[in-house]
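So this one's work_18.cif, mmCIF, C-alpha atoms:
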```
data_upload
loop_
_atom_site.group_PDB
_atom_site.id
_atom_site.type_symbol
_atom_site.label_atom_id
_atom_site.label_comp_id
_atom_site.auth_asym_id
_atom_site.auth_seq_id
_atom_site.Cartn_x
_atom_site.Cartn_y
_atom_site.Cartn_z
ATOM 1 C CA GLY A 1 -64.183 -186.855 -10.107
ATOM 2 C CA ASN A 2 -63.751 -183.664 -12.150
ATOM 3 C CA LYS A 3 -60.460 -184.530 -13.798
ATOM 4 C CA GLY A 4 -62.131 -184.197 -17.194
ATOM 5 C CA PHE A 5 -62.243 -180.412 -16.814
ATOM 6 C CA HIS A 6 -58.495 -179.913 -17.039
ATOM 7 C CA HIS A 7 -57.582 -180.045 -20.705
ATOM 8 C CA CYS A 8 -60.205 -179.518 -23.418
ATOM 9 C CA SER A 9 -63.911 -179.245 -24.038
ATOM 10 C CA ALA A 10 -64.031 -182.815 -25.339
ATOM 11 C CA CYS A 11 -62.980 -183.978 -21.917
ATOM 12 C CA LEU A 12 -66.104 -182.422 -20.446
ATOM 13 C CA ALA A 13 -68.177 -185.434 -21.494
ATOM 14 C CA LEU A 14 -68.115 -187.174 -18.138
ATOM 15 C CA ASP A 15 -68.885 -190.834 -17.560
ATOM 16 C CA ILE A 16 -72.362 -190.728 -15.994
ATOM 17 C CA SER A 17 -73.410 -194.364 -16.314
ATOM 18 C CA SER A 18 -72.974 -195.147 -12.633
ATOM 19 C CA ALA A 19 -74.731 -191.940 -11.622
ATOM 20 C CA MET A 20 -77.684 -192.711 -13.893
ATOM 21 C CA THR A 21 -77.954 -196.214 -12.449
ATOM 22 C CA ALA A 22 -78.312 -194.617 -9.022
ATOM 23 C CA VAL A 23 -80.879 -192.126 -10.334
ATOM 24 C CA ARG A 24 -82.983 -194.864 -11.928
ATOM 25 C CA GLY A 25 -82.922 -196.776 -8.668
ATOM 26 C CA ALA A 26 -83.875 -193.706 -6.663
ATOM 27 C CA THR A 27 -86.865 -192.913 -8.862
ATOM 28 C CA THR A 28 -88.306 -196.404 -8.388
ATOM 29 C CA ARG A 29 -88.032 -196.454 -4.586
ATOM 30 C CA THR A 30 -91.161 -195.636 -2.655
ATOM 31 C CA THR A 31 -89.070 -194.240 0.231
ATOM 32 C CA ARG A 32 -86.273 -191.871 -0.721
ATOM 33 C CA ALA A 33 -82.961 -192.106 1.083
ATOM 34 C CA PRO A 34 -81.850 -189.124 3.186
ATOM 35 C CA VAL A 35 -78.990 -186.919 2.082
ATOM 36 C CA VAL A 36 -75.739 -188.765 2.831
ATOM 37 C CA MET A 37 -73.847 -187.716 5.950
ATOM 38 C CA SER A 38 -70.216 -186.684 5.684
ATOM 39 C CA GLU A 39 -67.849 -189.614 6.176
ATOM 40 C CA ASN A 40 -65.246 -187.290 7.691
ATOM 41 C CA ASN A 41 -67.465 -185.146 9.906
ATOM 42 C CA LYS A 42 -70.217 -186.926 11.790
ATOM 43 C CA LEU A 43 -71.136 -183.649 13.487
ATOM 44 C CA ALA A 44 -71.899 -181.842 10.220
ATOM 45 C CA PRO A 45 -75.542 -180.690 9.988
ATOM 46 C CA CYS A 46 -77.073 -182.455 7.008
ATOM 47 C CA ALA A 47 -79.635 -180.616 4.874
ATOM 48 C CA GLN A 48 -82.749 -182.657 4.097
ATOM 49 C CA PRO A 49 -85.245 -181.920 1.296
ATOM 50 C CA GLU A 50 -88.460 -183.341 2.798
ATOM 51 C CA ASN A 51 -89.712 -180.045 4.248
ATOM 52 C CA ASP A 52 -87.766 -177.725 1.962
ATOM 53 C CA PRO A 53 -90.139 -175.764 -0.340
ATOM 54 C CA SER A 54 -87.509 -175.519 -3.066
ATOM 55 C CA PHE A 55 -87.464 -179.317 -3.546
ATOM 56 C CA ALA A 56 -90.294 -181.352 -5.033
ATOM 57 C CA ALA A 57 -90.938 -185.049 -4.517
ATOM 58 C CA ALA A 58 -89.957 -187.480 -7.265
ATOM 59 C CA SER A 59 -93.596 -187.492 -8.345
ATOM 60 C CA ASP A 60 -93.106 -184.104 -10.037
ATOM 61 C CA GLY A 61 -91.597 -186.010 -12.972
ATOM 62 C CA PHE A 62 -88.038 -184.695 -12.970
ATOM 63 C CA GLY A 63 -86.598 -187.904 -11.552
ATOM 64 C CA ALA A 64 -88.139 -189.830 -14.443
ATOM 65 C CA LYS A 65 -86.766 -187.210 -16.847
ATOM 66 C CA LEU A 66 -83.268 -187.751 -15.444
ATOM 67 C CA ALA A 67 -83.584 -191.489 -15.942
ATOM 68 C CA ARG A 68 -84.915 -191.061 -19.479
ATOM 69 C CA ASP A 69 -82.725 -188.238 -20.795
ATOM 70 C CA GLY A 70 -79.617 -188.415 -18.603
ATOM 71 C CA GLY A 71 -77.517 -190.102 -21.266
ATOM 72 C CA GLY A 72 -78.133 -187.305 -23.746
ATOM 73 C CA PRO A 73 -76.200 -184.082 -24.435
ATOM 74 C CA MET A 74 -76.540 -180.744 -22.664
ATOM 75 C CA PRO A 75 -76.835 -178.196 -25.492
ATOM 76 C CA ASN A 76 -77.241 -175.292 -23.064
ATOM 77 C CA ILE A 77 -73.815 -175.924 -21.450
ATOM 78 C CA VAL A 78 -70.888 -174.651 -23.540
ATOM 79 C CA ALA A 79 -67.217 -175.096 -22.685
ATOM 80 C CA HIS A 80 -64.802 -172.237 -23.384
ATOM 81 C CA PRO A 81 -61.016 -172.096 -23.027
ATOM 82 C CA ASN A 82 -59.978 -169.818 -20.209
ATOM 83 C CA ASP A 83 -58.337 -167.027 -22.204
ATOM 84 C CA GLY A 84 -57.572 -164.921 -19.163
ATOM 85 C CA ARG A 85 -61.063 -164.265 -17.878
ATOM 86 C CA ILE A 86 -60.162 -166.017 -14.602
ATOM 87 C CA VAL A 87 -56.584 -165.577 -13.433
ATOM 88 C CA SER A 88 -54.922 -167.218 -10.440
ATOM 89 C CA LYS A 89 -53.425 -164.820 -7.927
ATOM 90 C CA THR A 90 -51.794 -167.629 -5.953
ATOM 91 C CA ALA A 91 -48.281 -168.763 -6.863
ATOM 92 C CA GLY A 92 -48.160 -172.381 -7.958
ATOM 93 C CA ARG A 93 -51.946 -172.687 -8.307
ATOM 94 C CA ASP A 94 -53.361 -172.667 -11.831
ATOM 95 C CA ALA A 95 -56.730 -171.200 -12.733
ATOM 96 C CA PRO A 96 -59.133 -173.558 -14.565
ATOM 97 C CA LYS A 97 -58.201 -174.126 -18.192
ATOM 98 C CA VAL A 98 -61.819 -174.603 -19.231
ATOM 99 C CA LEU A 99 -64.796 -172.468 -18.215
ATOM 100 C CA LEU A 100 -68.457 -173.396 -18.524
ATOM 101 C CA GLU A 101 -71.279 -171.200 -19.792
ATOM 102 C CA LEU A 102 -74.955 -171.819 -19.141
ATOM 103 C CA THR A 103 -76.435 -170.299 -22.279
ATOM 104 C CA GLU A 104 -80.053 -170.531 -21.135
ATOM 105 C CA ALA A 105 -82.364 -172.477 -18.867
ATOM 106 C CA ALA A 106 -83.179 -176.004 -20.008
ATOM 107 C CA TRP A 107 -86.905 -175.231 -19.769
ATOM 108 C CA ARG A 108 -89.181 -172.876 -21.657
ATOM 109 C CA LEU A 109 -92.465 -171.343 -20.573
ATOM 110 C CA GLU A 110 -94.494 -173.501 -22.961
ATOM 111 C CA ASP A 111 -92.985 -176.739 -21.610
ATOM 112 C CA ARG A 112 -95.728 -176.888 -18.971
ATOM 113 C CA PRO A 113 -99.247 -176.642 -20.437
ATOM 114 C CA THR A 114 -100.625 -175.849 -16.978
ATOM 115 C CA ARG A 115 -97.925 -173.369 -15.942
ATOM 116 C CA ARG A 116 -99.316 -170.856 -13.424
ATOM 117 C CA VAL A 117 -97.474 -167.566 -13.763
ATOM 118 C CA ALA A 118 -97.450 -164.356 -11.749
ATOM 119 C CA LEU A 119 -95.797 -161.054 -12.638
ATOM 120 C CA ILE A 120 -93.721 -159.377 -9.909
ATOM 121 C CA VAL A 121 -93.146 -155.665 -10.531
ATOM 122 C CA ILE A 122 -90.106 -154.787 -8.441
ATOM 123 C CA ASP A 123 -89.559 -151.215 -7.201
ATOM 124 C CA MET A 124 -91.030 -149.434 -10.214
ATOM 125 C CA GLN A 125 -91.830 -146.494 -7.976
ATOM 126 C CA LYS A 126 -92.020 -142.719 -8.226
ATOM 127 C CA GLU A 127 -88.665 -142.049 -6.601
ATOM 128 C CA TYR A 128 -86.892 -144.102 -9.256
ATOM 129 C CA ALA A 129 -88.866 -142.783 -12.240
ATOM 130 C CA PRO A 130 -85.888 -140.943 -13.826
ATOM 131 C CA TYR A 131 -83.830 -144.128 -13.743
ATOM 132 C CA VAL A 132 -86.396 -146.684 -14.956
ATOM 133 C CA ASP A 133 -88.282 -144.730 -17.632
ATOM 134 C CA TYR A 134 -86.448 -146.528 -20.443
ATOM 135 C CA VAL A 135 -88.064 -149.880 -19.541
ATOM 136 C CA LEU A 136 -91.478 -148.481 -18.583
ATOM 137 C CA PRO A 137 -93.200 -149.320 -21.933
ATOM 138 C CA GLN A 138 -92.278 -153.004 -21.647
ATOM 139 C CA CYS A 139 -93.431 -153.116 -18.025
ATOM 140 C CA GLU A 140 -96.716 -151.451 -18.967
ATOM 141 C CA ALA A 141 -97.297 -153.983 -21.741
ATOM 142 C CA LEU A 142 -96.677 -156.895 -19.383
ATOM 143 C CA VAL A 143 -98.962 -155.564 -16.631
ATOM 144 C CA THR A 144 -101.707 -155.060 -19.232
ATOM 145 C CA ALA A 145 -101.201 -158.555 -20.658
ATOM 146 C CA PHE A 146 -101.223 -160.260 -17.256
ATOM 147 C CA ARG A 147 -104.457 -158.482 -16.355
ATOM 148 C CA ALA A 148 -106.036 -159.449 -19.676
ATOM 149 C CA ALA A 149 -105.020 -163.071 -19.143
ATOM 150 C CA ARG A 150 -106.393 -162.963 -15.583
ATOM 151 C CA ARG A 151 -102.952 -163.825 -14.206
ATOM 152 C CA PRO A 152 -101.884 -162.227 -10.899
ATOM 153 C CA VAL A 153 -99.607 -159.220 -10.610
ATOM 154 C CA VAL A 154 -97.668 -158.456 -7.414
ATOM 155 C CA TRP A 155 -95.957 -155.125 -6.737
ATOM 156 C CA THR A 156 -93.057 -154.449 -4.372
ATOM 157 C CA ASN A 157 -91.768 -150.951 -3.589
ATOM 158 C CA TRP A 158 -88.664 -149.964 -1.645
ATOM 159 C CA ALA A 159 -90.027 -148.194 1.463
ATOM 160 C CA HIS A 160 -86.974 -148.088 3.765
ATOM 161 C CA ARG A 161 -86.373 -144.592 5.191
ATOM 162 C CA ALA A 162 -83.409 -143.170 7.078
ATOM 163 C CA ASP A 163 -85.541 -142.190 10.068
ATOM 164 C CA ASP A 164 -87.606 -145.358 10.468
ATOM 165 C CA GLY A 165 -85.308 -146.533 13.266
ATOM 166 C CA TRP A 166 -84.559 -150.007 11.897
ATOM 167 C CA TYR A 167 -81.283 -150.803 10.176
ATOM 168 C CA SER A 168 -79.658 -153.921 8.716
ATOM 169 C CA ALA A 169 -76.361 -155.196 7.379
ATOM 170 C CA ALA A 170 -77.303 -153.669 4.027
ATOM 171 C CA ASP A 171 -77.380 -150.209 5.630
ATOM 172 C CA ARG A 172 -73.889 -150.779 6.997
ATOM 173 C CA VAL A 173 -72.655 -151.710 3.525
ATOM 174 C CA ILE A 174 -73.864 -148.435 1.998
ATOM 175 C CA GLY A 175 -72.787 -146.346 4.985
ATOM 176 C CA ALA A 176 -74.157 -143.519 7.097
ATOM 177 C CA GLY A 177 -73.405 -140.537 4.855
ATOM 178 C CA GLY A 178 -75.642 -138.770 2.382
ATOM 179 C CA ILE A 179 -78.401 -138.009 4.874
ATOM 180 C CA GLU A 180 -78.415 -134.209 4.931
ATOM 181 C CA ASP A 181 -78.522 -133.940 1.137
ATOM 182 C CA ALA A 182 -80.781 -137.028 0.724
ATOM 183 C CA SER A 183 -78.256 -138.732 -1.561
ATOM 184 C CA ASN A 184 -77.885 -142.060 0.282
ATOM 185 C CA PRO A 185 -79.399 -144.615 -2.158
ATOM 186 C CA GLN A 186 -80.332 -147.028 0.624
ATOM 187 C CA TYR A 187 -83.335 -144.905 1.580
ATOM 188 C CA THR A 188 -86.510 -143.544 0.022
ATOM 189 C CA TRP A 189 -86.572 -139.782 0.438
ATOM 190 C CA SER A 190 -89.578 -138.161 -1.226
ATOM 191 C CA ARG A 191 -92.977 -138.220 0.484
ATOM 192 C CA ASP A 192 -94.610 -140.317 -2.250
ATOM 193 C CA GLY A 193 -91.379 -141.987 -3.385
ATOM 194 C CA ALA A 194 -92.526 -145.484 -2.426
ATOM 195 C CA GLU A 195 -95.716 -145.236 -4.492
ATOM 196 C CA THR A 196 -95.887 -147.239 -7.733
ATOM 197 C CA ILE A 197 -95.474 -145.236 -10.957
ATOM 198 C CA ALA A 198 -99.006 -144.300 -11.989
ATOM 199 C CA SER A 199 -99.137 -146.228 -15.275
ATOM 200 C CA LEU A 200 -98.226 -149.480 -13.487
ATOM 201 C CA ALA A 201 -100.059 -148.954 -10.191
ATOM 202 C CA PRO A 202 -102.670 -151.295 -8.690
ATOM 203 C CA ARG A 203 -106.122 -150.079 -9.677
ATOM 204 C CA ASP A 204 -108.527 -151.782 -7.262
ATOM 205 C CA ASP A 205 -108.551 -153.193 -3.751
ATOM 206 C CA GLU A 206 -107.758 -156.738 -4.903
ATOM 207 C CA GLU A 207 -104.603 -155.496 -6.597
ATOM 208 C CA ARG A 208 -103.712 -153.060 -3.813
ATOM 209 C CA ALA A 209 -103.669 -156.012 -1.403
ATOM 210 C CA ARG A 210 -100.796 -157.413 -3.505
ATOM 211 C CA GLU A 211 -98.631 -154.272 -3.262
ATOM 212 C CA ILE A 212 -95.828 -154.888 -0.737
ATOM 213 C CA MET A 213 -93.981 -152.060 0.963
ATOM 214 C CA SER A 214 -90.548 -153.687 1.027
ATOM 215 C CA ILE A 215 -87.355 -153.262 3.043
ATOM 216 C CA HIS A 216 -85.337 -156.112 1.465
ATOM 217 C CA ALA A 217 -83.509 -156.579 -1.826
ATOM 218 C CA ASN A 218 -84.747 -160.177 -1.813
ATOM 219 C CA LYS A 219 -88.492 -159.643 -1.922
ATOM 220 C CA PHE A 220 -89.110 -163.057 -0.368
ATOM 221 C CA ALA A 221 -87.343 -161.820 2.783
ATOM 222 C CA ASP A 222 -89.961 -159.199 3.732
ATOM 223 C CA ARG A 223 -91.994 -160.165 6.805
ATOM 224 C CA ASP A 224 -95.146 -158.854 8.426
ATOM 225 C CA ALA A 225 -95.488 -157.571 12.018
ATOM 226 C CA ASP A 226 -95.752 -161.147 13.313
ATOM 227 C CA GLY A 227 -92.549 -162.222 11.569
ATOM 228 C CA ASN A 228 -94.310 -164.205 8.847
ATOM 229 C CA PRO A 229 -93.127 -164.117 5.222
ATOM 230 C CA ILE A 230 -95.343 -161.986 2.989
ATOM 231 C CA LEU A 231 -94.561 -162.882 -0.618
ATOM 232 C CA TYR A 232 -94.288 -166.679 -0.508
ATOM 233 C CA PRO A 233 -97.677 -167.312 1.163
ATOM 234 C CA MET A 234 -99.259 -164.800 -1.222
ATOM 235 C CA LEU A 235 -97.932 -166.660 -4.261
ATOM 236 C CA LYS A 236 -98.886 -170.077 -2.880
ATOM 237 C CA ALA A 237 -102.433 -168.848 -2.152
ATOM 238 C CA LEU A 238 -102.605 -167.822 -5.816
ATOM 239 C CA ASP A 239 -101.383 -171.323 -6.831
ATOM 240 C CA VAL A 240 -98.357 -169.867 -8.637
ATOM 241 C CA ASP A 241 -95.455 -172.045 -9.790
ATOM 242 C CA THR A 242 -93.609 -169.541 -12.021
ATOM 243 C CA VAL A 243 -92.672 -165.918 -11.345
ATOM 244 C CA VAL A 244 -91.879 -163.322 -14.013
ATOM 245 C CA LEU A 245 -89.666 -160.471 -12.773
ATOM 246 C CA VAL A 246 -89.531 -156.905 -14.077
ATOM 247 C CA GLY A 247 -88.300 -153.698 -12.481
ATOM 248 C CA ALA A 248 -85.242 -152.352 -10.671
ATOM 249 C CA TRP A 249 -82.409 -152.731 -9.976
ATOM 250 C CA THR A 250 -81.271 -155.611 -12.183
ATOM 251 C CA ASP A 251 -78.129 -156.208 -10.117
ATOM 252 C CA TYR A 252 -79.725 -155.765 -6.698
ATOM 253 C CA CYS A 253 -83.393 -156.437 -5.969
ATOM 254 C CA VAL A 254 -84.110 -158.299 -9.216
ATOM 255 C CA ALA A 255 -81.075 -160.591 -8.930
ATOM 256 C CA ALA A 256 -81.630 -161.211 -5.198
ATOM 257 C CA THR A 257 -85.289 -162.073 -5.776
ATOM 258 C CA ALA A 258 -84.510 -164.367 -8.709
ATOM 259 C CA MET A 259 -81.989 -166.309 -6.626
ATOM 260 C CA ALA A 260 -84.429 -166.710 -3.742
ATOM 261 C CA ALA A 261 -87.369 -167.612 -5.978
ATOM 262 C CA SER A 262 -85.492 -170.540 -7.466
ATOM 263 C CA ASP A 263 -83.070 -171.681 -4.790
ATOM 264 C CA SER A 264 -85.078 -171.092 -1.612
ATOM 265 C CA TRP A 265 -88.716 -171.374 -2.696
ATOM 266 C CA GLY A 266 -88.794 -173.638 -5.761
ATOM 267 C CA PHE A 267 -90.375 -171.309 -8.327
ATOM 268 C CA ASP A 268 -89.415 -171.344 -11.964
ATOM 269 C CA CYS A 269 -88.238 -167.773 -12.558
ATOM 270 C CA VAL A 270 -88.198 -165.621 -15.698
ATOM 271 C CA THR A 271 -86.286 -162.332 -15.701
ATOM 272 C CA VAL A 272 -87.515 -160.117 -18.528
ATOM 273 C CA THR A 273 -84.351 -158.751 -20.076
ATOM 274 C CA ASP A 274 -85.832 -155.621 -21.690
ATOM 275 C CA ALA A 275 -88.011 -154.761 -18.671
ATOM 276 C CA VAL A 276 -85.353 -154.526 -15.948
ATOM 277 C CA ALA A 277 -83.355 -151.394 -15.191
ATOM 278 C CA SER A 278 -80.262 -150.351 -13.268
ATOM 279 C CA ALA A 279 -78.295 -147.212 -12.542
ATOM 280 C CA ASN A 280 -75.400 -149.093 -10.920
ATOM 281 C CA VAL A 281 -72.050 -149.283 -12.682
ATOM 282 C CA ILE A 282 -70.918 -152.878 -12.209
ATOM 283 C CA SER A 283 -70.170 -154.004 -15.753
ATOM 284 C CA ASP A 284 -69.735 -152.488 -19.205
ATOM 285 C CA ASP A 285 -73.505 -152.749 -19.688
ATOM 286 C CA ALA A 286 -74.897 -151.160 -16.540
ATOM 287 C CA SER A 287 -78.503 -151.872 -17.470
ATOM 288 C CA HIS A 288 -77.885 -155.611 -17.562
ATOM 289 C CA SER A 289 -75.090 -156.133 -15.045
ATOM 290 C CA GLY A 290 -77.236 -158.551 -12.998
ATOM 291 C CA LEU A 291 -78.427 -160.742 -15.862
ATOM 292 C CA ASP A 292 -75.464 -163.116 -15.617
ATOM 293 C CA VAL A 293 -76.723 -163.895 -12.111
ATOM 294 C CA THR A 294 -80.406 -164.258 -12.977
ATOM 295 C CA ASN A 295 -79.462 -166.555 -15.870
ATOM 296 C CA LEU A 296 -78.102 -169.077 -13.357
ATOM 297 C CA PHE A 297 -81.373 -169.210 -11.420
ATOM 298 C CA GLY A 298 -83.976 -169.217 -14.162
ATOM 299 C CA ARG A 299 -84.734 -168.081 -17.669
ATOM 300 C CA ASN A 300 -83.711 -164.720 -19.111
ATOM 301 C CA ALA A 301 -86.233 -163.807 -21.795
ATOM 302 C CA PRO A 302 -87.370 -160.728 -23.722
ATOM 303 C CA SER A 303 -90.834 -159.361 -23.051
ATOM 304 C CA ARG A 304 -92.051 -160.594 -26.435
ATOM 305 C CA GLU A 305 -91.491 -164.206 -25.358
ATOM 306 C CA VAL A 306 -93.601 -163.719 -22.232
ATOM 307 C CA LEU A 307 -96.343 -161.869 -24.142
ATOM 308 C CA ASP A 308 -96.491 -164.646 -26.739
ATOM 309 C CA PHE A 309 -96.831 -167.246 -23.993
ATOM 310 C CA LEU A 310 -99.723 -165.353 -22.407
ATOM 311 C CA GLU A 311 -101.476 -165.040 -25.759
ATOM 312 C CA ARG A 312 -101.189 -168.797 -26.394
ATOM 313 C CA SER A 313 -102.075 -170.021 -22.906
#
```
As structure tokens, the full file:
Amino acid sequence: GNKGFHHCSACLALDISSAMTAVRGATTRTTRAPVVMSENNKLAPCAQPENDPSFAAASDGFGAKLARDGGGPMPNIVAHPNDGRIVSKTAGRDAPKVLLELTEAAWRLEDRPTRRVALIVIDMQKEYAPYVDYVLPQCEALVTAFRAARRPVVWTNWAHRADDGWYSAADRVIGAGGIEDASNPQYTWSRDGAETIASLAPRDDEERAREIMSIHANKFADRDADGNPILYPMLKALDVDTVVLVGAWTDYCVAATAMAASDSWGFDCVTVTDAVASANVISDDASHSGLDVTNLFGRNAPSREVLDFLERS
């Protein structure tokens, strides 16, 4: 149970011996058991990992790592007293007394000697140039470094227009105003607005074939005319296992893509903290209001860390 979360950080050290016994047994079985059905609802659909691209078989080594290291500490998980950050609005129901912080991902880029990385440049396009200029030097440095290291770069640009005739739930969230004065941020307005900023743009046909005209915040959600995903097959054809995200907006397209990369498609994901931009006011630091989200689905790292990795690998 989770009764250890109620009083103090010391109580967060849960008894995991029985869980680790189960893990050790699972990693030695040649046939893995299916996900357990609900005891109370036999009609509940039960997710299974066998054909889920975000799950890897035990042979990827993580099961053995659980069995080997599961009794150790978790230095990247810090317990904090709830000093009012989360407040109950329900009479007679207390908010948690202890909150948990994931300080960083448990992995680093150099942990895998054979890590296969790709850079995804998200919506660094001409229409947004006034809003993203402050991170352009870092993005330029990363594009240059990925090319020099012969690592793939993928570009996505927001190409949704008010008159294209196709609309989604996201359009309904933003609303139908701001059309006459071209102020509705859901749409690209200028003729060349969906073109990549010149200093970052693809420079040959091989690169231009990796520039996606996008209509989704989650860049893995874009599909071609036949309904097939665009980004995931592209990355798999390039044998990529780790994506590095730069671009805009931190709290919209970058965060949505980071979540999908990790949770839906099984990529390790790095969000480059000094190479993402936002003009949305969601937190006190508008430029980084999405980084709390990306931190939960991968590694937040400065551009220098990524550049150093490329130089060493």
Point to revise | Expected residue set, 9 Å radius at (-82.6, -155.8, 1.6), all atoms listed in the file, as a list in words | key: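 It turns out the residues near that spot are Ser168, Ala169, Ala170, Asp171, Ser214, Ile215, His216, Ala217, Asn218, Lys219, Ala221, Asp222, Tyr252, Cys253 and Ala256 of chain A.
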**Study point:** Selection under test: the PyMOL selection byres ((chain A and resi 75) around 10); residues as a VMD selection string
**Key:** chain A and resid 72 to 74 76 to 78 102 to 104 106
Review point. Exactly which residues make up the result of the PyMOL selection byres ((chain A and resi 109) around 9) on this file, given as a PyMOL selection string?
Key: chain A and resi 107-108+110-113+115+242+270+299+305-306+309
Review point. Using the chain letters and numbers from the file, which residues does the PyMOL selection byres ((chain A and resi 126) around 8) grab, as an MDAnalysis selection string?
Key: chainID A and resid 124:125 127:129 192:197
Exercise for review: Counting only C-alpha atoms, figure out which residue out of A:Leu310, A:Ala64, A:Val281, A:Ala201 gets nearest to Ala148 of chain A.
Suggested key: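 For Ala148 of chain A, the nearest of the candidates is A:Leu310.
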Review point. Near Asp164 of chain A, within 12 Å and counting all atoms listed in the file, which residues show up once chain neighbours fewer than 3 positions away are dropped, as a ChimeraX atom specification?
Key: /A:159-161,167-168,187-189,215
Check your understanding: Between A:Ser38, A:Glu180, A:Val121, A:Pro152, which one has atoms that come closest to Thr257 of chain A, using all atoms listed in the file?
Key ->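 Of A:Ser38, A:Glu180, A:Val121, A:Pro152, the one nearest Thr257 of chain A, counting all atoms listed in the file, is A:Val121.
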Review point. Which is closer to Pro130 of chain A than all the others in A:Glu311, A:Asp268, A:Gly84, A:Ser278, using all atoms listed in the file?
Key: A:Ser278
Review point. Hey, which of A:Asp83, A:Asp263, A:Asp123, A:Asp239 ends up closest to Arg151 of chain A? Count all atoms listed in the file.
Key: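 Among the listed residues, A:Asp239 lies closest to Arg151 of chain A.
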Review point. In Å, how far is it from atom CA of Val117 of chain A to atom CA of Asp241 of chain A?
Key: 6.3 Å
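Here atom CA of Tyr232 of chain A is placed at a distance of 6.3 Å from atom CA of Phe220 of chain A.
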Review point. Do you know which residues are at most 9 Å from Val143 of chain A counting all atoms listed in the file, after dropping those on the same chain fewer than 4 positions away, and could you put them as a list in words?
Key: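 Answer for this query is Leu119, Val121, Gln138, Cys139, Arg147, Ala148, Val153 and Leu200 of chain A.
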Point to revise | Interatomic distance, atom CA of Val135 of chain A to atom CA of Ile179 of chain A (Å, one decimal) | key: 28.8 Å
Practice item. Determine the nearest neighbour of Gln186 of chain A from the options A:Asp224, A:Glu140, A:Asp163, A:Asp204, counting only C-alpha atoms. Key: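 Under the stated criterion, the closest residue is A:Asp163.
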Study note, to complete from the structure: The residue from A:Ala198, A:Asp274, A:Pro53, A:Ile86 with the smallest atom-to-atom distance to Ala260 of chain A, counting all atoms listed in the file, is A:Pro53
Review point. So which residues touch segment 92-98 of chain A within 6 Å, counting all atoms listed in the file, skipping near sequence neighbours fewer than 5 positions away, as a PyMOL selection string?
Key: chain A and resi 6+80-82+87
Hey, can you spit out that residue selection with C-alpha atoms as a tab-separated table (two decimals), in the frame of the given file?
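Below you can see out_14.tsv, which holds the result:
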```tsv
chain	number	residue	atom	x	y	z
A	6	HIS	CA	-58.50	-179.91	-17.04
A	80	HIS	CA	-64.80	-172.24	-23.38
A	81	PRO	CA	-61.02	-172.10	-23.03
A	82	ASN	CA	-59.98	-169.82	-20.21
A	87	VAL	CA	-56.58	-165.58	-13.43
```
